[in-house]
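Written out below as C-alpha cells is the structure these notes cover.
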Amino acid sequence: QADFKPKLLLVERPSTESHSKSSELQTDSSPKPDTGKPSSLEIHFDVKTDSKPKQDSRTRSMPESRRVVLSTKLYHDVQPTIPAKRRRSLLIYGADRSGTTFTTKMFAADPQLMTVYEPLWITSRWNKEDLTQIQNWKRNVLDLLKGILSCKFARSPAGIKFLSHTTEKWSGAFVNNAFKSPAFCPNGTCHINLAANPSYADKVCLTKYKHSVTKIGEPRTPDKLISSFLPMLFTENPDTDVRVIQLIRDPRASMNSRIKLGWMLDFHHSNFPNSVRRVCSNLAKNIRFGRDLGQWQEKYMEVHYRDLAGKPLETTEAMYKFAGFEMPDSIRDWVIRNTSPSKEEVRKEEKKTFSSVRNSTANIDKWQKDSPIGRTRIIEEHCKEALDLLGLTRITLTDKDI
C-alpha cells in the first residue's frame, strides 16, 4: 500500500459567467517530492511516480514535502486494542458558508467514521462562561482535537470535560451525533457516563470506528487562524496520521450567504467595509499558511467550493482518497441524492440554513444574481489579496483599476 500513493490535483474550474481565472493547487502525498506544475483543469489520480504533469507558469509552485517517520505509542488502558498501523484521521476546516457542513454530513453518513461536528462550539462556551478559560483556549482546542482524532479523551481535562457535553445538541446543523450511535450506546441505551469513564470512550473510538473525522469552523479557533493550532496538532499526535482539508469559497459568495442569513451586516452599514476586511484578511492568511506547510504539506488539501458543488462526486472521491479512507457505495449514493434533488425536494430544503440538499451546480454562481452591485464592489475592493490568491477576477472593475 505504501507504493500506491495517489497524487491529487484539485483545481477550480473557471466560470464563464464570473470570468474567473483558474486556480490550481497540487497536493502530493507520494514519498518523493514532485515539483511539477499541473495545467489540467480536472481532478486526476496519478499513481505513476515517474510521470510529471505539464508545466504551467500560472501555477504557484508548492514547497517540497518530506515524510516524517513516527513510531506508534501504546498506552496501558488501550494497549490490547490499538491497531498495528497508525490511525488515520481527518480534520475539516473552513469559514462560515464554505461547504463545511455539507462535507461533514457526508462523512457522518459513513458508519466506519467517528464524525464529530463543531466540537469547538463547546470550548467557545467555556470561554464565555469562565473568562479565565480564554488563556487556556489553545490548549483546550488541542486537547479536545487529540481526544477526537487520536481517541485520547482520557489524556486531558479538556477531553474529559468535553465528554460531559456529548449527550446534548450543541449546534443547529443536526449532524449525526457519534456519541449517541450504537457503537457508544449498545442495545439503544446510552447508560455510560462518558465523562466518568473516558477510557471507555477511547476504546470505542479505537475499536468501533476505523477513522475519526471532525469539522471545526474558523470563527471558533484562536485568532480565527488555522496557524494558531495546526503545527502543534501534528507534533502532538505522532501516532495518528492526521490529514487536513481546508474548504475555500469565493468570499463574494460566502459573504452574500452570511448576509442573507443575518450573520453579517450589509453594505449600507458604515462598519461593513471593516467586517469585509477582517473576513478576507483571515481568508488570505489561512490560504497562504495552508499552501506553505513545509514538512507537513502532504497532510494538507485545499478544496474549493466550486469543485465541491460543480463536481461533487469526483471531489468527494478525491477527499476520501487523500484521507486514506475507503469510500463505500452508500456515500456515492448519498452525494448524488443530496446534490441532484428534485425541484420539490429543493423547495422543501432551501429555507433550512444547514440543509445538505441543494441543486449544487445551480448554487455555484447564484450570488451574482442575489448580490447588489454596491455590496459586490465593496467586497472586491477590500478582498483583492484573497481574490488574487484564488485566481478570481473582479466583476466591478472601473477605469481606475485598468
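Naming works like this for the C-alpha cells: A, B, ... for the chains as they're shown, residue 1 at the start of each chain, ligands 1 onward in shown order.
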*Thr100 of chain A environment, 12 Å, only C-alpha atoms, sequence neighbours closer than 2 positions dropped, as a PyMOL selection string*: chain A and resi 91-98+102-107+117-118+173+175+214-218+245-249+254+303-305+308-309+354-356
Determine, using only C-alpha atoms, which residues of segment 169-233 of chain A have any atom at most 9 Å from an atom of segment 139-146 of chain A, and tabulate each with its shortest atom pair and distance in Å to one decimal place, rows ordered by chain and then rising number, as JSON lines.
```
{"residue": "A:Thr214", "atom": "CA", "partner": "A:Leu145", "partner_atom": "CA", "distance": 8.1}
{"residue": "A:Thr221", "atom": "CA", "partner": "A:Val141", "partner_atom": "CA", "distance": 7.8}
{"residue": "A:Pro222", "atom": "CA", "partner": "A:Val141", "partner_atom": "CA", "distance": 8.6}
{"residue": "A:Phe229", "atom": "CA", "partner": "A:Leu142", "partner_atom": "CA", "distance": 6.8}
{"residue": "A:Leu230", "atom": "CA", "partner": "A:Leu142", "partner_atom": "CA", "distance": 8.7}
{"residue": "A:Met232", "atom": "CA", "partner": "A:Leu142", "partner_atom": "CA", "distance": 7.6}
{"residue": "A:Leu233", "atom": "CA", "partner": "A:Leu142", "partner_atom": "CA", "distance": 6.2}
```
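Atom pair atom CA of Pro312 of chain A / atom CA of Ile336 of chain A: separated by 7.9 Å.
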*Skipping near chain neighbours, those fewer than 4 positions away, what residues fall within 8 Å of Gly290 of chain A using only C-alpha atoms, listed as a list of chain:residue names?*
A:Gln246, A:Asn286, A:Gln297, A:Tyr300, A:Glu302
*Residue contacts of segment 261-277 of chain A (9 Å, only C-alpha atoms) excluding same-chain residues fewer than 3 positions away, as number ranges by chain*: A: 251, 255-258, 280-282, 353, 374-376, 378-379, 381-383
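For Ala323 of chain A, the set of protein, DNA and RNA residues having any atom at most 7 Å away, when counting only C-alpha atoms and skipping those fewer than 4 positions along the same chain, is Leu90, Arg243 and Met319 of chain A.
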*Go through segment 81-297 of chain A and collect every residue that DSSP, computed from the backbone, puts in alpha helix (DSSP H); the answer should be as a VMD selection string.*
chain A and resid 100 to 108 120 to 129 137 to 150 157 to 163 198 to 208 230 to 235 251 to 261 272 to 290
_Atom pair atom CA of Ala253 of chain A / atom CA of Ile395 of chain A: separation (Å)_ =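 It comes out at 12.8 Å.
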*Find the residues near Val204 of chain A: any atom within 9 Å, counting only C-alpha atoms, skip ones fewer than 6 places away on the same chain, and give them as an MDAnalysis selection string.*
chainID A and resid 151 183:184
*Which of these, A:Arg155, A:Lys169, A:Lys311, A:His211, has the shortest distance to Asn197 of chain A once you count only C-alpha atoms?*
A:Arg155
*Which residue out of A:Ala109, A:Leu225, A:Ile148, A:Ala158 has the minimum interatomic distance to Asn176 of chain A when only C-alpha atoms are used?*
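For Asn176 of chain A, the nearest of the given residues is A:Ala109.
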*Rounded to one decimal in Å, what is the spacing between atom CA of Asp329 of chain A and atom CA of Lys180 of chain A?*
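Value for the atom CA of Asp329 of chain A-atom CA of Lys180 of chain A distance: 24.1 Å.
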*Which residue out of A:Glu298, A:Arg278, A:Pro182, A:Asp239 has the minimum interatomic distance to Lys224 of chain A when only C-alpha atoms are used?*
A:Arg278
*asked:* So that I can see what lies close to Asn177 of chain A, please list as a list in words the residues with an atom at most 10 Å from it, counting only C-alpha atoms and leaving out residues fewer than 3 positions away in the same chain.
replied: Ala108, Met114, Thr115, Val116, Tyr117, Thr166, Thr167, Glu168, Lys169, Phe174, Lys180 and Ser181 of chain A
*Counting only C-alpha atoms, the option among A:Val242, A:Ile287, A:Leu392, A:Ile226 closest to Arg306 of chain A*: A:Leu392
